[in-house]
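Below is the file my_file-v6.cif, which contains mmCIF, C-alpha atoms and all ligand atoms.
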```
data_model
#
loop_
_atom_site.label_atom_id
_atom_site.label_comp_id
_atom_site.auth_asym_id
_atom_site.auth_seq_id
_atom_site.Cartn_x
_atom_site.Cartn_y
_atom_site.Cartn_z
CA MET A 1 0.00 0.00 0.00
CA ALA A 2 1.50 3.34 -1.04
CA LEU A 3 1.61 6.23 1.40
CA ILE A 4 1.16 9.58 -0.29
CA VAL A 5 1.22 13.08 1.16
CA GLN A 6 -0.86 15.45 -0.94
CA LYS A 7 -0.91 19.21 -0.62
CA TYR A 8 -3.70 21.36 -2.05
CA GLY A 9 -3.00 25.08 -2.42
CA GLY A 10 -5.29 28.02 -1.85
CA THR A 11 -6.91 28.16 -5.29
CA SER A 12 -7.62 24.41 -5.15
CA VAL A 13 -9.67 24.89 -1.95
CA GLY A 14 -10.87 28.39 -2.84
CA ASN A 15 -14.59 27.75 -2.11
CA VAL A 16 -16.86 25.00 -0.79
CA GLU A 17 -17.52 23.61 -4.27
CA LYS A 18 -13.78 23.21 -4.84
CA ILE A 19 -13.34 21.61 -1.43
CA LYS A 20 -16.01 19.06 -2.35
CA ASN A 21 -14.20 18.37 -5.63
CA ILE A 22 -10.92 17.81 -3.79
CA ALA A 23 -12.68 15.42 -1.39
CA ASN A 24 -13.94 13.45 -4.41
CA LYS A 25 -10.44 13.36 -5.84
CA ILE A 26 -8.97 12.12 -2.55
CA ALA A 27 -11.72 9.50 -2.26
CA LYS A 28 -10.56 7.96 -5.56
CA PHE A 29 -7.01 7.55 -4.21
CA ILE A 30 -8.42 5.87 -1.09
CA ASP A 31 -10.58 3.56 -3.20
CA ASP A 32 -7.42 2.64 -5.13
CA GLY A 33 -5.98 1.44 -1.82
CA GLN A 34 -3.57 4.27 -1.02
CA GLN A 35 -2.92 5.79 2.38
CA ILE A 36 -3.36 9.54 2.18
CA VAL A 37 -2.22 12.41 4.36
CA VAL A 38 -3.54 15.74 3.09
CA VAL A 39 -2.05 19.14 3.79
CA VAL A 40 -4.17 22.15 2.89
CA SER A 41 -3.65 25.88 2.60
CA ALA A 42 -6.17 28.53 3.52
CA MET A 43 -8.73 29.44 0.85
CA SER A 44 -7.11 31.69 -1.76
CA GLY A 45 -7.07 35.31 -0.64
CA GLU A 46 -7.76 34.42 2.99
CA THR A 47 -4.22 34.96 4.30
CA ASN A 48 -4.15 38.35 2.56
CA ARG A 49 -7.60 39.24 3.94
CA LEU A 50 -6.48 38.47 7.49
CA THR A 51 -3.25 40.42 7.00
CA SER A 52 -5.09 43.50 5.79
CA MET A 53 -7.50 43.37 8.74
CA ALA A 54 -4.52 43.35 11.08
CA SER A 55 -2.97 46.32 9.32
CA ILE A 56 -6.19 48.31 9.81
CA ILE A 57 -6.23 47.44 13.52
CA ALA A 58 -2.57 48.21 14.27
CA LYS A 59 0.39 49.96 12.65
CA GLN A 60 2.78 47.20 13.64
CA PRO A 61 0.81 44.16 14.77
CA SER A 62 2.79 41.93 17.14
CA SER A 63 4.30 39.00 15.31
CA ARG A 64 2.92 36.51 17.85
CA GLU A 65 -0.67 37.70 17.38
CA MET A 66 -0.14 37.88 13.62
CA ASP A 67 0.77 34.18 13.53
CA THR A 68 -2.21 33.27 15.73
CA LEU A 69 -4.44 35.19 13.33
CA LEU A 70 -3.04 33.83 10.06
CA THR A 71 -3.18 30.17 11.10
CA THR A 72 -6.99 30.40 11.38
CA GLY A 73 -7.22 30.33 7.57
CA GLU A 74 -5.89 26.78 7.43
CA GLN A 75 -8.06 25.69 10.37
CA VAL A 76 -11.13 26.49 8.28
CA THR A 77 -10.05 24.38 5.31
CA ILE A 78 -8.87 21.31 7.27
CA SER A 79 -12.21 21.01 9.05
CA LEU A 80 -14.29 21.63 5.91
CA LEU A 81 -12.28 19.11 3.90
CA SER A 82 -12.58 16.50 6.65
CA MET A 83 -16.34 17.06 6.75
CA ALA A 84 -16.52 16.71 2.97
CA LEU A 85 -14.63 13.41 3.12
CA GLN A 86 -16.83 12.15 5.96
CA ASP A 87 -19.88 13.12 3.92
CA LEU A 88 -18.60 10.81 1.17
CA GLY A 89 -18.43 7.99 3.68
CA HIS A 90 -14.67 8.16 4.38
CA GLU A 91 -13.21 8.43 7.82
CA ALA A 92 -11.16 11.58 8.10
CA ILE A 93 -9.66 13.60 10.91
CA SER A 94 -8.17 17.08 10.90
CA TYR A 95 -5.25 18.43 12.90
CA THR A 96 -3.80 21.91 13.29
CA GLY A 97 -0.02 22.26 13.39
CA TRP A 98 0.09 22.45 17.18
CA GLN A 99 -2.13 19.40 17.59
CA ILE A 100 0.30 17.17 15.67
CA PRO A 101 2.60 18.81 17.02
CA ILE A 102 4.87 20.30 14.36
CA ALA A 103 7.67 21.79 16.45
CA THR A 104 9.33 24.92 15.06
CA ASN A 105 11.80 27.50 16.29
CA ASN A 106 10.35 30.73 17.68
CA ILE A 107 10.93 33.11 14.75
CA HIS A 108 7.37 34.28 14.10
CA SER A 109 6.29 34.61 10.46
CA LYS A 110 9.33 32.69 9.21
CA ALA A 111 9.65 29.79 11.61
CA ARG A 112 11.59 26.67 10.67
CA ILE A 113 10.31 23.18 11.33
CA GLU A 114 12.52 21.38 13.85
CA GLU A 115 10.63 18.16 14.44
CA ILE A 116 7.40 16.47 13.51
CA ASN A 117 5.86 14.00 15.91
CA SER A 118 4.30 11.52 13.51
CA LYS A 119 2.61 9.31 16.17
CA LYS A 120 -0.92 10.68 15.74
CA ILE A 121 -0.74 10.61 11.96
CA THR A 122 0.55 7.05 11.89
CA SER A 123 -2.00 5.79 14.35
CA GLN A 124 -4.90 7.40 12.44
CA LEU A 125 -3.61 5.98 9.15
CA GLU A 126 -3.55 2.55 10.77
CA GLN A 127 -7.23 3.07 11.57
CA GLU A 128 -7.74 3.70 7.85
CA LYS A 129 -8.50 7.38 8.21
CA VAL A 130 -7.50 10.19 5.91
CA VAL A 131 -5.41 12.58 7.98
CA VAL A 132 -5.89 16.24 7.09
CA VAL A 133 -3.19 18.57 8.42
CA ALA A 134 -3.15 22.36 8.42
CA GLY A 135 -0.30 23.71 6.33
CA PHE A 136 1.97 26.67 7.09
CA GLN A 137 1.93 26.35 10.89
CA GLY A 138 3.61 24.90 13.93
CA ILE A 139 4.29 25.54 17.58
CA SER A 140 7.42 26.86 19.30
CA ALA A 141 9.02 25.39 22.42
CA GLU A 142 7.41 28.26 24.37
CA GLY A 143 3.99 27.05 23.22
CA ASN A 144 3.33 29.88 20.79
CA ILE A 145 1.69 29.29 17.42
CA THR A 146 4.11 30.02 14.56
CA THR A 147 3.89 30.29 10.78
CA LEU A 148 6.41 29.15 8.19
CA GLY A 149 6.32 32.12 5.81
CA ARG A 150 4.14 32.66 2.72
CA GLY A 151 3.70 29.51 0.70
CA GLY A 152 4.65 27.50 3.80
CA SER A 153 2.10 24.73 3.27
CA ASP A 154 4.45 23.26 0.65
CA THR A 155 7.06 22.89 3.37
CA THR A 156 4.58 21.33 5.80
CA ALA A 157 3.73 18.71 3.18
CA VAL A 158 7.32 17.82 2.31
CA ALA A 159 8.39 17.76 5.96
CA ILE A 160 5.52 15.38 6.80
CA ALA A 161 6.41 13.22 3.79
CA ALA A 162 10.00 13.08 5.03
CA ALA A 163 8.93 12.27 8.60
CA LEU A 164 6.68 9.44 7.38
CA SER A 165 9.09 8.25 4.65
CA ALA A 166 6.13 8.60 2.28
CA ASP A 167 6.33 7.09 -1.18
CA GLU A 168 5.63 10.46 -2.79
CA CYS A 169 4.75 14.04 -1.92
CA GLN A 170 2.33 15.57 -4.41
CA ILE A 171 1.82 19.32 -4.60
CA TYR A 172 -1.50 20.04 -6.31
CA THR A 173 -1.93 23.56 -7.63
CA ASP A 174 -3.49 25.68 -10.37
CA VAL A 175 -0.89 24.80 -13.03
CA ASP A 176 -0.05 21.28 -14.21
CA GLY A 177 3.62 21.34 -13.27
CA VAL A 178 6.77 23.42 -13.22
CA TYR A 179 7.19 25.44 -16.42
CA THR A 180 10.24 26.98 -18.07
CA THR A 181 8.98 30.25 -16.61
CA ASP A 182 5.76 31.61 -15.12
CA PRO A 183 3.11 30.87 -17.79
CA ARG A 184 1.29 34.03 -16.67
CA VAL A 185 4.16 36.10 -18.09
CA VAL A 186 5.11 33.86 -21.03
CA PRO A 187 2.11 31.93 -22.38
CA GLU A 188 4.48 29.88 -24.61
CA ALA A 189 6.31 28.51 -21.56
CA LYS A 190 6.73 24.71 -21.59
CA ARG A 191 6.05 22.27 -18.81
CA LEU A 192 9.08 20.28 -17.66
CA ASP A 193 8.66 16.53 -17.06
CA PHE A 194 11.63 16.59 -14.67
CA ILE A 195 13.71 19.17 -12.88
CA THR A 196 16.63 18.54 -10.54
CA TYR A 197 16.40 19.50 -6.87
CA ASP A 198 19.28 21.94 -7.35
CA GLU A 199 17.64 23.69 -10.27
CA MET A 200 14.32 23.91 -8.46
CA LEU A 201 16.13 25.21 -5.40
CA GLU A 202 17.68 27.98 -7.50
CA MET A 203 14.36 28.73 -9.23
CA ALA A 204 12.56 28.94 -5.88
CA SER A 205 15.22 31.05 -4.23
CA LEU A 206 15.23 33.37 -7.25
CA GLY A 207 11.53 34.08 -6.96
CA THR A 208 9.61 31.22 -8.62
CA LYS A 209 6.69 30.94 -6.24
CA ILE A 210 5.34 27.57 -7.30
CA LEU A 211 7.20 25.87 -4.41
CA GLN A 212 8.38 27.46 -1.19
CA ILE A 213 12.17 27.26 -1.09
CA ARG A 214 12.26 25.40 2.25
CA SER A 215 10.08 22.65 0.79
CA VAL A 216 12.67 22.05 -1.92
CA GLU A 217 15.49 22.11 0.64
CA PHE A 218 13.68 19.46 2.68
CA ALA A 219 12.94 17.37 -0.38
CA SER A 220 16.55 17.50 -1.50
CA LYS A 221 17.98 16.78 1.96
CA TYR A 222 15.71 13.81 2.65
CA GLN A 223 15.39 12.70 -1.00
CA VAL A 224 11.60 13.00 -0.91
CA PRO A 225 10.10 12.19 -4.32
CA LEU A 226 8.28 15.46 -4.95
CA ARG A 227 5.82 16.05 -7.76
CA VAL A 228 3.99 19.23 -8.79
CA LEU A 229 0.68 18.69 -10.57
CA SER A 230 -2.71 20.19 -11.33
CA SER A 231 -5.61 19.77 -8.91
CA THR A 232 -8.12 19.83 -11.77
CA GLN A 233 -6.40 18.32 -14.84
CA ASP A 234 -5.01 14.81 -15.28
CA GLY A 235 -1.32 14.35 -15.99
CA ASP A 236 2.00 13.38 -14.47
CA GLY A 237 3.10 16.92 -13.69
CA THR A 238 6.75 17.62 -12.93
CA LEU A 239 8.90 15.28 -10.85
CA LEU A 240 11.91 16.56 -8.91
CA ILE A 241 14.90 14.27 -9.24
CA SER A 242 18.56 14.23 -8.25
CA GLU A 243 21.28 15.36 -10.64
CA GLN A 244 22.65 11.80 -10.51
CA ASP A 245 19.33 10.33 -11.71
CA PHE A 246 19.21 12.95 -14.40
CA LYS A 247 22.71 12.07 -15.61
CA GLU A 248 21.96 8.37 -15.63
CA SER A 249 18.81 8.86 -17.66
CA THR A 250 18.63 9.23 -21.42
CA MET A 251 16.86 12.53 -21.09
CA GLU A 252 18.13 15.40 -23.16
CA LYS A 253 19.87 17.92 -20.98
CA PRO A 254 18.93 21.49 -21.77
CA ILE A 255 21.54 24.14 -20.96
CA ILE A 256 18.91 26.44 -19.52
CA SER A 257 15.99 24.85 -17.67
CA GLY A 258 14.10 27.96 -16.82
CA ILE A 259 13.85 31.66 -16.15
CA ALA A 260 13.02 32.81 -12.66
CA PHE A 261 12.16 36.33 -11.66
CA SER A 262 11.38 38.22 -8.50
CA ARG A 263 9.48 41.46 -8.07
CA ASP A 264 10.17 41.43 -4.36
CA GLU A 265 13.43 43.36 -4.65
CA ALA A 266 14.76 46.70 -3.45
CA LYS A 267 18.17 48.31 -3.73
CA LEU A 268 20.07 50.38 -1.17
CA MET A 269 23.21 52.40 -1.86
CA ILE A 270 25.62 54.06 0.50
CA LEU A 271 27.95 56.46 -1.27
CA GLY A 272 31.31 57.97 -0.32
CA ILE A 273 32.41 55.73 2.51
CA PRO A 274 36.05 55.16 3.53
CA ASP A 275 37.73 52.52 1.36
CA GLU A 276 39.32 50.45 4.11
CA PRO A 277 39.18 46.98 5.72
CA GLY A 278 36.08 46.23 7.81
CA ILE A 279 33.72 48.57 5.97
CA ALA A 280 31.60 45.85 4.38
CA PHE A 281 31.13 44.26 7.77
CA GLN A 282 30.18 47.57 9.39
CA ILE A 283 27.47 48.09 6.76
CA ILE A 284 26.13 44.57 6.37
CA GLY A 285 26.54 43.42 10.01
CA PRO A 286 23.77 45.57 11.55
CA ILE A 287 21.41 44.72 8.67
CA SER A 288 21.84 40.96 9.19
CA ASP A 289 21.53 41.42 12.95
CA ALA A 290 18.04 42.79 12.29
CA ASN A 291 17.17 39.48 10.52
CA ILE A 292 17.09 41.17 7.11
CA GLU A 293 18.35 38.93 4.34
CA ILE A 294 20.77 40.52 1.91
CA ASP A 295 20.94 39.21 -1.61
CA MET A 296 23.24 40.83 -4.16
CA ILE A 297 26.14 43.03 -3.14
CA ILE A 298 28.44 45.29 -5.15
CA GLN A 299 31.34 47.32 -3.79
CA ASN A 300 32.69 49.73 -6.36
CA GLN A 301 36.37 50.23 -7.09
CA GLY A 302 37.60 52.86 -4.64
CA HIS A 303 38.87 56.29 -5.70
CA ASP A 304 40.22 59.18 -3.59
CA GLY A 305 40.12 56.88 -0.56
CA THR A 306 36.35 56.44 -0.72
CA THR A 307 34.03 53.89 -2.26
CA ASP A 308 30.32 53.13 -2.85
CA PHE A 309 28.45 50.08 -1.65
CA THR A 310 25.18 48.72 -3.10
CA PHE A 311 23.05 45.77 -1.99
CA THR A 312 19.56 44.38 -2.41
CA VAL A 313 16.96 43.23 0.12
CA SER A 314 13.35 42.09 0.04
CA ARG A 315 11.01 44.99 -0.78
CA SER A 316 9.17 44.57 2.49
CA ASP A 317 12.44 45.12 4.37
CA ILE A 318 13.45 48.35 2.66
CA HIS A 319 12.28 50.82 5.33
CA LYS A 320 13.87 48.90 8.17
CA ALA A 321 17.08 48.45 6.15
CA GLU A 322 17.18 52.14 5.22
CA GLU A 323 16.84 53.19 8.85
CA ILE A 324 19.77 50.99 9.84
CA LEU A 325 21.84 52.10 6.85
CA ARG A 326 21.28 55.79 7.67
CA ALA A 327 22.57 55.17 11.18
CA SER A 328 25.69 53.47 9.76
CA ALA A 329 26.10 56.30 7.23
CA LYS A 330 26.24 58.83 10.06
CA LYS A 331 28.87 56.81 11.91
CA LEU A 332 31.00 56.31 8.78
CA GLY A 333 30.61 59.86 7.51
CA ALA A 334 29.08 58.65 4.24
CA ARG A 335 28.18 61.19 1.58
CA LYS A 336 24.73 59.85 0.78
CA VAL A 337 22.21 57.01 1.16
CA GLN A 338 19.87 56.18 -1.73
CA THR A 339 17.13 53.59 -2.11
CA ASP A 340 15.22 52.21 -5.09
CA ASP A 341 12.21 49.91 -4.73
CA SER A 342 11.37 49.70 -8.42
CA ILE A 343 13.88 47.01 -9.32
CA VAL A 344 13.36 43.34 -10.16
CA LYS A 345 15.67 40.36 -10.58
CA VAL A 346 15.64 38.04 -13.60
CA SER A 347 17.67 34.82 -13.61
CA LEU A 348 18.56 32.09 -16.08
CA VAL A 349 18.86 28.71 -14.35
CA GLY A 350 20.28 25.42 -15.63
CA ILE A 351 22.76 22.73 -14.58
CA GLY A 352 23.91 22.66 -18.21
CA MET A 353 25.62 26.01 -17.61
CA LYS A 354 28.31 24.17 -15.68
CA SER A 355 29.70 22.87 -18.93
CA HIS A 356 28.76 25.65 -21.33
CA SER A 357 30.27 29.07 -21.80
CA GLY A 358 28.85 32.10 -23.52
CA ILE A 359 25.47 32.03 -21.78
CA ALA A 360 26.11 35.32 -19.99
CA SER A 361 27.19 37.13 -23.13
CA ASN A 362 24.15 35.82 -25.01
CA MET A 363 21.94 37.01 -22.19
CA PHE A 364 23.52 40.48 -22.17
CA LYS A 365 23.16 40.74 -25.95
CA VAL A 366 19.41 40.01 -25.76
CA LEU A 367 19.02 42.70 -23.12
CA ALA A 368 21.12 45.19 -25.07
CA ASP A 369 19.11 44.55 -28.24
CA ASN A 370 15.98 45.39 -26.27
CA GLN A 371 17.34 48.55 -24.62
CA ILE A 372 17.22 47.00 -21.16
CA ASN A 373 19.76 48.45 -18.76
CA ILE A 374 21.45 46.01 -16.36
CA GLN A 375 22.01 47.46 -12.88
CA MET A 376 23.61 44.50 -11.13
CA ILE A 377 24.86 41.04 -12.12
CA GLY A 378 25.36 37.92 -10.02
CA THR A 379 26.36 34.40 -11.03
CA THR A 380 26.78 30.91 -9.59
CA GLU A 381 27.63 27.63 -11.31
CA ILE A 382 24.04 27.12 -12.42
CA LYS A 383 22.51 30.60 -12.67
CA ILE A 384 23.01 34.13 -13.94
CA SER A 385 20.96 36.88 -12.32
CA ILE A 386 20.53 40.47 -13.37
CA VAL A 387 18.79 43.39 -11.71
CA ILE A 388 16.75 45.66 -13.99
CA ASN A 389 13.94 48.21 -13.70
CA GLU A 390 10.56 46.63 -12.96
CA GLU A 391 8.92 48.19 -16.03
CA GLN A 392 11.11 46.01 -18.25
CA LEU A 393 10.46 42.72 -16.46
CA ASP A 394 7.91 41.18 -18.83
CA THR A 395 9.88 42.17 -21.94
CA ALA A 396 13.12 40.81 -20.50
CA VAL A 397 11.60 37.45 -19.56
CA GLN A 398 9.72 37.08 -22.86
CA LYS A 399 12.74 37.98 -25.02
CA LEU A 400 15.12 35.74 -23.06
CA HIS A 401 12.65 32.86 -23.16
CA LYS A 402 12.50 33.11 -26.95
CA ALA A 403 16.22 33.74 -27.48
CA PHE A 404 17.21 30.65 -25.45
CA GLU A 405 14.55 28.62 -27.30
CA LEU A 406 12.76 27.55 -24.15
CA ASP A 407 9.52 27.52 -26.13
CA LYS A 408 10.82 24.77 -28.44
P1 LIG A 501 -0.82 27.44 -4.53
O1 LIG A 501 -1.85 28.42 -4.10
O2 LIG A 501 -1.40 26.18 -5.05
O3 LIG A 501 0.25 27.23 -3.52
P2 LIG A 501 0.93 29.22 -5.99
O4 LIG A 501 0.24 30.45 -6.44
O5 LIG A 501 1.79 29.30 -4.79
O6 LIG A 501 -0.16 28.07 -5.83
O7 LIG A 501 1.81 28.61 -7.18
C1 LIG A 501 1.25 28.40 -8.46
C2 LIG A 501 1.56 29.58 -9.38
O8 LIG A 501 2.97 29.68 -9.57
C3 LIG A 501 1.02 29.44 -10.78
O9 LIG A 501 -0.29 29.93 -10.87
C4 LIG A 501 2.01 30.24 -11.63
O10 LIG A 501 1.50 31.49 -12.04
C5 LIG A 501 3.16 30.50 -10.70
N1 LIG A 501 4.47 30.19 -11.29
C6 LIG A 501 5.57 30.98 -11.23
N2 LIG A 501 6.59 30.46 -11.89
C7 LIG A 501 6.17 29.26 -12.36
C8 LIG A 501 6.79 28.23 -13.12
N3 LIG A 501 8.08 28.30 -13.51
N4 LIG A 501 6.07 27.13 -13.42
C9 LIG A 501 4.78 27.03 -13.04
N5 LIG A 501 4.12 27.98 -12.32
C10 LIG A 501 4.81 29.08 -11.97
N1 LIG A 502 -1.90 30.36 3.44
C1 LIG A 502 -0.48 30.63 3.40
C2 LIG A 502 -0.18 31.65 2.31
O1 LIG A 502 -1.08 32.14 1.66
C3 LIG A 502 0.33 29.40 3.24
C4 LIG A 502 0.21 28.70 1.91
O2 LIG A 502 -0.73 28.93 1.16
O3 LIG A 502 1.07 27.87 1.62
O4 LIG A 502 0.97 31.98 2.12
MG MG A 503 2.04 28.22 -3.03
#
```
Would you kindly transcribe this structure into C-alpha cells?
Ligand code: ADP
Ligand code: ASP
Ligand code: MG
Amino acid sequence: MALIVQKYGGTSVGNVEKIKNIANKIAKFIDDGQQIVVVVSAMSGETNRLTSMASIIAKQPSSREMDTLLTTGEQVTISLLSMALQDLGHEAISYTGWQIPIATNNIHSKARIEEINSKKITSQLEQEKVVVVAGFQGISAEGNITTLGRGGSDTTAVAIAAALSADECQIYTDVDGVYTTDPRVVPEAKRLDFITYDEMLEMASLGTKILQIRSVEFASKYQVPLRVLSSTQDGDGTLLISEQDFKESTMEKPIISGIAFSRDEAKLMILGIPDEPGIAFQIIGPISDANIEIDMIIQNQGHDGTTDFTFTVSRSDIHKAEEILRASAKKLGARKVQTDDSIVKVSLVGIGMKSHSGIASNMFKVLADNQINIQMIGTTEIKISIVINEEQLDTAVQKLHKAFELDK
C-alpha cells in the first residue's frame, strides 16, 4: 500500500464547491488502496484578507498575534475538507499544526520546522482514516503558534512526507507542473517533465513561487520524491529528481531549464564611505543582525580613498534596512544614502551552464538589443541573475525565453 502526502494550495480549496471536488479526488485515491495524508492551505485570498485586517487594527501588529491570526485560515479548510470526506463515507480527521505537534523555532512569520511528531498521523492511518493537516503552521518550544512564511504549506507537506518516509509528496496547484517560466508572463512557456532539486532550489530562491524554497530544501535533503501537478487536470506533472538520476537517464539535458524572476526586490546604496578593511562588515553586520536577508552586493572600485556600496533586500524590508543604513552612514561619515524599490531580478537557471560558456554574453546581448539596462549582475555555477527596472520585467523574460529557445 503506497503512502502519499498530498498538498492542495489556496486556489484548489478556494470555495466550498472546490473543497467538495478535492474530497472526491482524494476518495478515488483511497478507493485505489492508497494511504493519504492531506495538507491544505487557507482558501485563496484568505491569508491576505487576514493580513489587511490586522494592518487596519494596528500599525505594527505583534508578530505573535499575527501568527495566531493567520493560522486560522488553514483551520477552516482542514475542518471543511474533513467534513466533505466524511460526507462521502470516508473516515477523516483534521489536525492543526500544534495538535500534531509540528515543532518549530520561535521566529514568528518565518519559523523553521525542527521536528514532527508523527505518532498521531501514523495511528490514524492505521485506523484507515485520511489525515488532514493544516499547512503553514507549527508551535514553538514556548507554546506559541508560529507560521512558516508565505507559501509555507508546501514545506509542511514535504516535511511530513520526510517524517513518514512517504512514497511520494504531491503538490496540487493551479498549473499542471513546473514550467520553463511563469506561464502568466510567457504563455508559450513549456512544462518540464523533470527538474533537478538543485535547479528547483535555485528557481525557488530566485523568486519562482510555485514551491516554497524550504520545501525544496527538505525534499533535497531527505530525498523526498516530490511532484507538482494540477488539482483539476489529469497528468504526471513535474517530478523533482537528483542530478545523478538525471545524468543516468537518457533525457536530453537542456543548458537552460528555466527563467526565474522576482518582483520582491529593493536596492540600497551608501555612497562615499572610507575605502578600508572592515567597511563591508560595518554596513552589512547591523542589517543581518536585524534578521534582514541581503541578496546581491556590489562594492565599487575605490577612488580618492572612498568607495560606494550597493546591496539588495526584500522589498518589504526596505524601510527597516534604510533606517539601519542611515545610522551606519552617520557613523562612517558617508556622503549619501539612496534607495530604489522599483527594481526586479531576472535569472537564467540550468545545470547545463556548468559545462557551457557564452550564456552570460548571449543574455547580455538580448538585453542590449531590447534597450534593457542592467544594474547589477550575479552568477553561480548554475545561474546568472541580473537586476533591472521593474517596467522592463515582462519584456526581459519574454525575449530571453525566446532567445534561449525555451519555447521549443
Ligand atoms: P498554490 O496556491 O497552489 O500554492 P501558488 O500560487 O503558490 O499556488 O503557485 C502556483 C503559481 O505559480 C502558478 O499559478 C504560476 O503562475 C506561478 N508560477 C511561477 N513560476 C512558475 C513556473 N516556472 N512554473 C509554473 N508555475 C509558476
Ligand atoms: N496560506 C499561506 C499563504 O497564503 C500558506 C500557503 O498557502 O502555503 O501563504
Ligand atoms: Mg504556493
Using 12 Å as the limit and counting all atoms listed in the file, can you tabulate each residue of region 347-375 of chain A that touches region 240-250 of chain A, with its shortest atom-to-atom distance in Å and the two atoms involved, as a tab-separated table?
```
residue	atom	partner	partner_atom	distance
A:Gly350	CA	A:Glu243	CA	11.3
A:Ile351	CA	A:Glu243	CA	8.5
A:Gly352	CA	A:Glu243	CA	10.8
```
Check: Looking at only C-alpha atoms, which of A:Ile93, A:Ala103, A:Ile145, A:Ile4 is the one that sits closest to Lys120 (chain A)?
Finding: A:Ile93
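Using all atoms listed in the file, the contacts of Asp295 (chain A) at a cut-off of 8 Å, with sequence neighbours closer than 3 positions omitted, comprise Phe311, Thr312 and Val313 of chain A.
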Checklist line | Shell of 7 Å around Asn300 (chain A), all atoms listed in the file, local chain residues under 6 positions omitted, as a list in words | finding: Thr307, Asp308 and Phe309 of chain A
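Every protein or nucleic acid residue with an atom no more than 10 Å from Leu332 (chain A), counting only C-alpha atoms and leaving out same-chain residues fewer than 3 positions away, appears here: Gly272, Ile273, Pro274, Ile279, Gln282, Ile283, Arg326, Ala327, Ser328, Ala329 and Arg335 of chain A.
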Please, could you write that set of residues out with C-alpha atoms as an mmCIF file, in the coordinates of the input?
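So selection-v9.cif came out as:
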```cif
data_model
loop_
_atom_site.group_PDB
_atom_site.id
_atom_site.type_symbol
_atom_site.label_atom_id
_atom_site.label_comp_id
_atom_site.auth_asym_id
_atom_site.auth_seq_id
_atom_site.Cartn_x
_atom_site.Cartn_y
_atom_site.Cartn_z
ATOM 1 C CA GLY A 272 31.310 57.970 -0.320
ATOM 2 C CA ILE A 273 32.410 55.730 2.510
ATOM 3 C CA PRO A 274 36.050 55.160 3.530
ATOM 4 C CA ILE A 279 33.720 48.570 5.970
ATOM 5 C CA GLN A 282 30.180 47.570 9.390
ATOM 6 C CA ILE A 283 27.470 48.090 6.760
ATOM 7 C CA ARG A 326 21.280 55.790 7.670
ATOM 8 C CA ALA A 327 22.570 55.170 11.180
ATOM 9 C CA SER A 328 25.690 53.470 9.760
ATOM 10 C CA ALA A 329 26.100 56.300 7.230
ATOM 11 C CA ARG A 335 28.180 61.190 1.580
#
```
Next item on the list: Can you work out the spacing between CA of Gly14 (chain A) and atom O1 of ligand LIG 502 (chain A) in Å, to one decimal?
Entry: 11.4 Å
Taking N, CA and C atoms as the atom set, what does region 316-330 of chain A look like once completed, written as a PDB file, in the coordinates of the input?
```
ATOM      1  N   SER A 316       9.854  44.314   1.217  1.00  0.00           N
ATOM      2  CA  SER A 316       9.170  44.570   2.490  1.00  0.00           C
ATOM      3  C   SER A 316      10.156  44.991   3.585  1.00  0.00           C
ATOM      4  N   ASP A 317      11.442  44.771   3.352  1.00  0.00           N
ATOM      5  CA  ASP A 317      12.440  45.120   4.370  1.00  0.00           C
ATOM      6  C   ASP A 317      13.087  46.475   4.124  1.00  0.00           C
ATOM      7  N   ILE A 318      12.663  47.170   3.057  1.00  0.00           N
ATOM      8  CA  ILE A 318      13.450  48.350   2.660  1.00  0.00           C
ATOM      9  C   ILE A 318      13.451  49.458   3.718  1.00  0.00           C
ATOM     10  N   HIS A 319      12.314  49.700   4.373  1.00  0.00           N
ATOM     11  CA  HIS A 319      12.280  50.820   5.330  1.00  0.00           C
ATOM     12  C   HIS A 319      13.156  50.538   6.542  1.00  0.00           C
ATOM     13  N   LYS A 320      13.059  49.302   7.018  1.00  0.00           N
ATOM     14  CA  LYS A 320      13.870  48.900   8.170  1.00  0.00           C
ATOM     15  C   LYS A 320      15.360  48.976   7.791  1.00  0.00           C
ATOM     16  N   ALA A 321      15.687  48.467   6.595  1.00  0.00           N
ATOM     17  CA  ALA A 321      17.080  48.450   6.150  1.00  0.00           C
ATOM     18  C   ALA A 321      17.604  49.870   5.977  1.00  0.00           C
ATOM     19  N   GLU A 322      16.759  50.756   5.454  1.00  0.00           N
ATOM     20  CA  GLU A 322      17.180  52.140   5.220  1.00  0.00           C
ATOM     21  C   GLU A 322      17.489  52.837   6.554  1.00  0.00           C
ATOM     22  N   GLU A 323      16.633  52.598   7.526  1.00  0.00           N
ATOM     23  CA  GLU A 323      16.840  53.190   8.850  1.00  0.00           C
ATOM     24  C   GLU A 323      18.203  52.801   9.416  1.00  0.00           C
ATOM     25  N   ILE A 324      18.494  51.495   9.305  1.00  0.00           N
ATOM     26  CA  ILE A 324      19.770  50.990   9.840  1.00  0.00           C
ATOM     27  C   ILE A 324      20.934  51.545   9.039  1.00  0.00           C
ATOM     28  N   LEU A 325      20.762  51.617   7.712  1.00  0.00           N
ATOM     29  CA  LEU A 325      21.840  52.100   6.850  1.00  0.00           C
ATOM     30  C   LEU A 325      22.129  53.576   7.117  1.00  0.00           C
ATOM     31  N   ARG A 326      21.067  54.355   7.386  1.00  0.00           N
ATOM     32  CA  ARG A 326      21.280  55.790   7.670  1.00  0.00           C
ATOM     33  C   ARG A 326      22.064  55.972   8.967  1.00  0.00           C
ATOM     34  N   ALA A 327      21.807  55.097   9.931  1.00  0.00           N
ATOM     35  CA  ALA A 327      22.570  55.170  11.180  1.00  0.00           C
ATOM     36  C   ALA A 327      24.043  54.852  10.925  1.00  0.00           C
ATOM     37  N   SER A 328      24.304  53.821  10.105  1.00  0.00           N
ATOM     38  CA  SER A 328      25.690  53.470   9.760  1.00  0.00           C
ATOM     39  C   SER A 328      26.339  54.595   8.972  1.00  0.00           C
ATOM     40  N   ALA A 329      25.562  55.221   8.079  1.00  0.00           N
ATOM     41  CA  ALA A 329      26.100  56.300   7.230  1.00  0.00           C
ATOM     42  C   ALA A 329      26.605  57.452   8.095  1.00  0.00           C
ATOM     43  N   LYS A 330      25.849  57.744   9.148  1.00  0.00           N
ATOM     44  CA  LYS A 330      26.240  58.830  10.060  1.00  0.00           C
ATOM     45  C   LYS A 330      27.582  58.503  10.722  1.00  0.00           C
TER      46      LYS A 330
END
```
